[in-house]
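The structure appears below as structure tokens.
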Amino acid sequence: MKTKFFFPLIGFLILSCEPESTPTCSLTSVHDNTTNTTIKLWPSGIIPYSFGTNFPEDKKHIVIGAMETWESLTKAVHFRPKSNNDTDFVTINWVSGNTCNSDLGSEANGSNINFSDYCRVSASYFHEIGHLLGMPHEHQRQDRYSALSVDDAALQILAGEGGFSPSIINSVVSQVYKRENLIYSNNTIYPNADTDIPFDKNSIMMYGSKLSNPSGALSQYLTTKNLDLFKDRSCNSIAPPNTITDKDTKKVQLLYPKVFIIKNKSNVTFNNIRVRLKDGSDFTQTIWPGGVFILHYNPENGYYYYRDNNGEKIVQQLDFNNGSSSDDMNFEWNNPNMVTYVSNRSTTTTIVSGINNTPNNINTTDAIDSDGVNGSSPIRFKMSVGSFDDGSTKSPLAVICSLENY
């Protein structure tokens, strides 16, 4: 507490105690013009990879370990060796010089991720693989000024007294000072996945205030001169990250959401499907030929949610034959990995299991209702896991239930 003294005319000494003010840093950069970046996410959440011919054998385990960490934490992506049939793939290269970089997402003609002896800590590998998954720098988010103060003065010192070349200064502007607006070309489920998760100054996708590689000339100069490229809003320097955070994990789960999509590919209109909710209420839904009905899977609690303008609702059952004990699709929250379908003949088929696994380990089984659904012609519930795109609805990862005439 700081003591203030006041001396009124009547001569009394009055003491008052007020909290000390917290320093506030709120600088914005003149270099923060926004770059629009379009990213294609990996179809089905599968990332086929191969190592370049000159990649050191004794370094491969570091990359594979980092990939396995992202996979085990998110359960939303899967890395596997590239096959000859893969059109989306990444080549992992070993290069000379001070290089750690990666393409953002899946690039036409293949993506590249580059490592070198400059990448000396595991955080560097986590960071670059994060880019490969489609994650930009956290400190370049559109909403960064809610959490950061970005200082142009440090950049001016680097360019002047520091004597760093124009190409290096331009790289710092590109990698630190500019903000990025991301457009995910194949994700309309969470088009704002980059900013839907609150800003995370500990994100593996952050740089430290003095950059992140202590062996780098820029970082060493900033440390010697005690310069920060940015600080938090309380004027504290931000340390380089060292691990993947919970918010990083959740962002990848939004980029590669596990949605359950019912696509009506039949010539039948499914009227008055009763959607029964966990809270005991319900509503009716019609799925027209060509129409879709989307549920969102929450990996934290295992529930399937229906979302509309009124919020989220936990779904227990889709009753295709209103009130009957058959023609029911059950979302088993006692065993949240499972979705079952009960046909007119009371045959129960587990059409989805293991949805909380990585994409390659989600199991699906077709169901056939030979008696038809609510009096319709026979219907096949054709199940698959993969990317979904019907023009208006796009998801890089989905469990798809196609209703087809049988």
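Ordering of the structure tokens sets the chain letters (A, B, ...), residue numbers begin anew at 1 in every chain, and ligands are numbered from 1 in the order given.
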>> as a list in words, please: the residues near Met338 (chain A) (cut-off 10 Å, only C-alpha atoms, same-chain neighbours under 2 positions excluded).
In response: Gly302, Asn330, Phe331, Glu332, Trp333, Asn334, Asn335, Pro336, Thr340, Thr350, Ile351, Val352, Ser353, Gly354, Ile355, Asn356, Asn363 and Thr364 of chain A
Could you write out the selected residues, including N, CA and C atoms, as an mmCIF file, in the first residue's frame?
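The new file result-v6.cif reads:
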data_model
loop_
_atom_site.group_PDB
_atom_site.id
_atom_site.type_symbol
_atom_site.label_atom_id
_atom_site.label_comp_id
_atom_site.auth_asym_id
_atom_site.auth_seq_id
_atom_site.Cartn_x
_atom_site.Cartn_y
_atom_site.Cartn_z
ATOM 1 N N GLY A 302 -17.503 -36.305 -23.340
ATOM 2 C CA GLY A 302 -18.083 -37.400 -24.098
ATOM 3 C C GLY A 302 -19.506 -37.173 -24.560
ATOM 4 N N ASN A 330 -29.163 -43.908 -30.685
ATOM 5 C CA ASN A 330 -28.886 -43.597 -29.283
ATOM 6 C C ASN A 330 -27.439 -43.137 -29.101
ATOM 7 N N PHE A 331 -27.290 -42.028 -28.399
ATOM 8 C CA PHE A 331 -25.969 -41.493 -28.070
ATOM 9 C C PHE A 331 -25.708 -41.829 -26.608
ATOM 10 N N GLU A 332 -24.863 -42.807 -26.410
ATOM 11 C CA GLU A 332 -24.743 -43.445 -25.103
ATOM 12 C C GLU A 332 -23.795 -42.672 -24.197
ATOM 13 N N TRP A 333 -24.334 -41.761 -23.375
ATOM 14 C CA TRP A 333 -23.425 -40.986 -22.532
ATOM 15 C C TRP A 333 -22.890 -41.797 -21.359
ATOM 16 N N ASN A 334 -23.499 -42.955 -21.053
ATOM 17 C CA ASN A 334 -22.880 -43.840 -20.066
ATOM 18 C C ASN A 334 -21.646 -44.526 -20.655
ATOM 19 N N ASN A 335 -21.622 -44.631 -21.969
ATOM 20 C CA ASN A 335 -20.453 -45.119 -22.696
ATOM 21 C C ASN A 335 -20.277 -44.177 -23.876
ATOM 22 N N PRO A 336 -19.706 -42.990 -23.625
ATOM 23 C CA PRO A 336 -19.778 -41.905 -24.604
ATOM 24 C C PRO A 336 -19.035 -42.170 -25.902
ATOM 25 N N THR A 340 -25.426 -46.089 -31.127
ATOM 26 C CA THR A 340 -26.100 -47.313 -31.572
ATOM 27 C C THR A 340 -27.362 -46.964 -32.364
ATOM 28 N N THR A 350 -23.985 -51.201 -33.148
ATOM 29 C CA THR A 350 -23.101 -50.125 -32.702
ATOM 30 C C THR A 350 -22.466 -49.513 -33.937
ATOM 31 N N ILE A 351 -22.943 -48.339 -34.321
ATOM 32 C CA ILE A 351 -22.480 -47.748 -35.575
ATOM 33 C C ILE A 351 -21.218 -46.906 -35.388
ATOM 34 N N VAL A 352 -20.960 -46.462 -34.152
ATOM 35 C CA VAL A 352 -19.719 -45.721 -33.860
ATOM 36 C C VAL A 352 -19.186 -46.185 -32.521
ATOM 37 N N SER A 353 -17.892 -46.439 -32.473
ATOM 38 C CA SER A 353 -17.225 -46.663 -31.188
ATOM 39 C C SER A 353 -15.836 -46.049 -31.260
ATOM 40 N N GLY A 354 -15.336 -45.625 -30.102
ATOM 41 C CA GLY A 354 -13.991 -45.064 -30.029
ATOM 42 C C GLY A 354 -13.861 -43.683 -30.631
ATOM 43 N N ILE A 355 -14.925 -42.877 -30.548
ATOM 44 C CA ILE A 355 -14.844 -41.557 -31.162
ATOM 45 C C ILE A 355 -13.831 -40.658 -30.441
ATOM 46 N N ASN A 356 -13.504 -40.996 -29.194
ATOM 47 C CA ASN A 356 -12.512 -40.182 -28.486
ATOM 48 C C ASN A 356 -11.085 -40.634 -28.790
ATOM 49 N N ASN A 363 -13.949 -46.402 -34.871
ATOM 50 C CA ASN A 363 -14.546 -47.554 -35.552
ATOM 51 C C ASN A 363 -15.997 -47.268 -35.938
ATOM 52 N N THR A 364 -16.363 -47.647 -37.140
ATOM 53 C CA THR A 364 -17.740 -47.473 -37.592
ATOM 54 C C THR A 364 -18.248 -48.770 -38.228
#
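Within the 10 Å cut-off around Thr348 (chain A), using only C-alpha atoms and omitting residues fewer than 4 positions from it on the same chain, the listed residues are Ser326, Asp327, Asp328, Met329, Asn330, Thr340, Tyr341, Val342, Ser343, Asn344 and Ala367 of chain A.
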>> With DSSP run on the backbone, what are the helix (DSSP H, G or I) residues within region 40-253 of chain A? I'd like them as a PyMOL selection string.
In response: chain A and resi 43-45+57-74+122-133+138-140+144-146+152-159+166-177+193-196+217-225+246-253
Print the selection's residues with C-alpha atoms to a file, as a compact mmCIF listing (two decimals), in the first residue's frame.
# COMPACT_ATOMS: atom_id res chain seq x y z
CA PRO A 43 -8.19 -34.06 -44.64
CA SER A 44 -9.52 -36.57 -42.11
CA GLY A 45 -6.97 -35.24 -39.59
CA GLU A 57 18.85 -40.99 -38.33
CA ASP A 58 19.67 -39.93 -34.76
CA LYS A 59 17.28 -36.95 -35.03
CA LYS A 60 14.23 -38.74 -36.39
CA HIS A 61 13.09 -39.93 -32.97
CA ILE A 62 12.82 -36.29 -31.81
CA VAL A 63 10.40 -35.44 -34.62
CA ILE A 64 8.39 -38.63 -34.18
CA GLY A 65 8.21 -38.05 -30.44
CA ALA A 66 6.89 -34.52 -30.97
CA MET A 67 4.28 -35.79 -33.44
CA GLU A 68 3.19 -38.50 -31.01
CA THR A 69 2.83 -35.88 -28.26
CA TRP A 70 0.50 -33.72 -30.38
CA GLU A 71 -1.46 -36.83 -31.35
CA SER A 72 -1.85 -38.18 -27.81
CA LEU A 73 -2.84 -34.82 -26.32
CA THR A 74 -5.41 -33.82 -28.93
CA SER A 122 11.99 -29.90 -27.93
CA ALA A 123 9.80 -26.78 -27.89
CA SER A 124 11.12 -25.93 -31.37
CA TYR A 125 9.81 -29.25 -32.71
CA PHE A 126 6.43 -28.84 -30.96
CA HIS A 127 6.18 -25.30 -32.35
CA GLU A 128 6.91 -26.16 -35.98
CA ILE A 129 4.57 -29.16 -35.95
CA GLY A 130 1.91 -26.82 -34.55
CA HIS A 131 2.35 -24.71 -37.70
CA LEU A 132 2.06 -27.85 -39.79
CA LEU A 133 -1.31 -28.57 -38.15
CA GLU A 138 -0.08 -16.75 -30.95
CA HIS A 139 1.55 -13.32 -30.72
CA GLN A 140 0.29 -12.50 -34.23
CA ARG A 144 -3.34 -9.85 -29.42
CA TYR A 145 -3.64 -6.35 -27.95
CA SER A 146 -6.01 -7.70 -25.33
CA ASP A 152 8.41 -0.66 -32.05
CA ALA A 153 11.32 0.95 -30.20
CA ALA A 154 13.08 -2.40 -29.84
CA LEU A 155 12.81 -2.98 -33.59
CA GLN A 156 14.30 0.45 -34.29
CA ILE A 157 17.29 -0.33 -32.05
CA LEU A 158 17.85 -3.65 -33.82
CA ALA A 159 17.85 -1.88 -37.19
CA PRO A 166 17.24 -5.28 -43.65
CA SER A 167 16.37 -8.92 -44.45
CA ILE A 168 16.57 -9.86 -40.78
CA ILE A 169 14.51 -6.83 -39.76
CA ASN A 170 11.90 -7.71 -42.39
CA SER A 171 11.80 -11.25 -41.01
CA VAL A 172 11.18 -9.91 -37.50
CA VAL A 173 8.37 -7.69 -38.81
CA SER A 174 6.85 -10.66 -40.66
CA GLN A 175 7.18 -13.15 -37.78
CA VAL A 176 6.44 -10.87 -34.82
CA TYR A 177 4.98 -7.47 -35.62
CA ALA A 193 -10.84 -21.54 -34.40
CA ASP A 194 -7.73 -19.34 -34.13
CA THR A 195 -9.44 -16.85 -31.83
CA ASP A 196 -12.29 -18.91 -30.30
CA ALA A 217 22.17 -13.64 -32.56
CA LEU A 218 18.93 -11.65 -32.27
CA SER A 219 17.98 -13.26 -28.99
CA GLN A 220 21.47 -12.74 -27.57
CA TYR A 221 21.44 -9.06 -28.54
CA LEU A 222 17.98 -8.50 -27.05
CA THR A 223 19.11 -10.22 -23.84
CA THR A 224 22.34 -8.20 -23.60
CA LYS A 225 20.47 -4.92 -24.12
CA ASP A 246 -4.27 -27.10 -22.67
CA LYS A 247 -5.36 -24.17 -24.84
CA ASP A 248 -3.08 -25.36 -27.64
CA THR A 249 -4.73 -28.78 -27.39
CA LYS A 250 -8.24 -27.32 -27.49
CA LYS A 251 -7.39 -25.18 -30.51
CA VAL A 252 -6.31 -28.23 -32.49
CA GLN A 253 -9.55 -29.94 -31.45
>> Could you go through region 281-314 of chain A and tell me which residues DSSP, when run on the backbone, assigns to strand (DSSP E), listing them as a ChimeraX atom specification?
In response: /A:282-287,292-297,304-308,311-314
Resulting file, chosen residues, N, CA and C atoms, as a tab-separated table (two decimals), in the first residue's frame:
chain	number	residue	atom	x	y	z
A	282	ASP	N	-37.35	-32.04	-25.56
A	282	ASP	CA	-37.11	-32.53	-26.90
A	282	ASP	C	-37.59	-31.51	-27.92
A	283	PHE	N	-37.23	-31.73	-29.16
A	283	PHE	CA	-37.76	-30.93	-30.27
A	283	PHE	C	-37.76	-31.81	-31.50
A	284	THR	N	-38.45	-31.38	-32.55
A	284	THR	CA	-38.52	-32.18	-33.77
A	284	THR	C	-37.65	-31.57	-34.86
A	285	GLN	N	-37.19	-32.45	-35.72
A	285	GLN	CA	-36.27	-32.05	-36.79
A	285	GLN	C	-36.65	-32.80	-38.06
A	286	THR	N	-36.60	-32.12	-39.18
A	286	THR	CA	-36.81	-32.76	-40.48
A	286	THR	C	-35.49	-32.73	-41.25
A	287	ILE	N	-35.14	-33.87	-41.85
A	287	ILE	CA	-33.96	-33.93	-42.71
A	287	ILE	C	-34.43	-34.24	-44.12
A	292	VAL	N	-28.53	-31.99	-44.14
A	292	VAL	CA	-27.63	-32.51	-43.12
A	292	VAL	C	-28.15	-32.12	-41.74
A	293	PHE	N	-27.76	-32.92	-40.76
A	293	PHE	CA	-28.02	-32.64	-39.36
A	293	PHE	C	-26.71	-32.88	-38.62
A	294	ILE	N	-26.26	-31.88	-37.84
A	294	ILE	CA	-24.91	-31.92	-37.28
A	294	ILE	C	-24.96	-31.92	-35.76
A	295	LEU	N	-24.21	-32.85	-35.17
A	295	LEU	CA	-23.97	-32.86	-33.73
A	295	LEU	C	-22.48	-32.69	-33.48
A	296	HIS	N	-22.16	-32.01	-32.39
A	296	HIS	CA	-20.77	-31.74	-32.04
A	296	HIS	C	-20.36	-32.61	-30.87
A	297	TYR	N	-19.25	-33.30	-31.01
A	297	TYR	CA	-18.76	-34.16	-29.94
A	297	TYR	C	-17.78	-33.38	-29.08
A	304	TYR	N	-22.60	-35.47	-26.94
A	304	TYR	CA	-22.89	-34.95	-28.27
A	304	TYR	C	-23.85	-33.78	-28.11
A	305	TYR	N	-23.53	-32.66	-28.75
A	305	TYR	CA	-24.30	-31.45	-28.58
A	305	TYR	C	-24.96	-31.03	-29.88
A	306	TYR	N	-26.20	-30.55	-29.77
A	306	TYR	CA	-26.84	-29.84	-30.87
A	306	TYR	C	-26.71	-28.35	-30.57
A	307	ARG	N	-26.32	-27.59	-31.55
A	307	ARG	CA	-26.11	-26.15	-31.35
A	307	ARG	C	-27.05	-25.35	-32.24
A	308	ASP	N	-27.66	-24.32	-31.64
A	308	ASP	CA	-28.44	-23.36	-32.41
A	308	ASP	C	-28.26	-22.00	-31.77
A	311	GLY	N	-27.99	-21.76	-27.95
A	311	GLY	CA	-26.92	-22.39	-27.19
A	311	GLY	C	-26.75	-23.86	-27.53
A	312	GLU	N	-26.19	-24.59	-26.57
A	312	GLU	CA	-25.88	-26.01	-26.75
A	312	GLU	C	-26.84	-26.88	-25.96
A	313	LYS	N	-27.19	-28.03	-26.54
A	313	LYS	CA	-28.07	-28.98	-25.86
A	313	LYS	C	-27.48	-30.38	-26.02
A	314	ILE	N	-27.41	-31.12	-24.92
A	314	ILE	CA	-26.86	-32.48	-24.96
A	314	ILE	C	-27.92	-33.44	-25.50
> Of the candidates A:Ser203, A:Thr91, A:Ser96, A:Ser212, which shows the shortest atom-to-atom distance to Asp228 (chain A), using only C-alpha atoms?
Replying inline: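 With only C-alpha atoms as the atom set, the closest residue is A:Ser212.
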Could you give me, as a tab-separated table, a per-residue list for region 122-225 of chain A showing, wherever an atom lies at most 7 Å from an atom of region 375-398 of chain A, the closest pair of atoms and their distance in Å to one decimal, using only C-alpha atoms and sorting by chain then residue number from low to high?
residue	atom	partner	partner_atom	distance
A:Asn186	CA	A:Lys394	CA	5.3
A:Asn187	CA	A:Ser395	CA	4.7
A:Thr188	CA	A:Lys394	CA	5.1
A:Ile189	CA	A:Ser395	CA	6.2
>> Could you tell me how far CA of Asn361 (chain A) sits from CA of Val275 (chain A), in Å to one decimal place?
In response: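 Result for CA of Val275 (chain A) versus CA of Asn361 (chain A): 27.9 Å, one decimal.
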>> Could you check the closest approach to Arg179 (chain A) for each of A:Pro136, A:Gly208, A:Pro198, A:Pro48 and tell me which residue wins, using only C-alpha atoms?
In response: A:Pro136
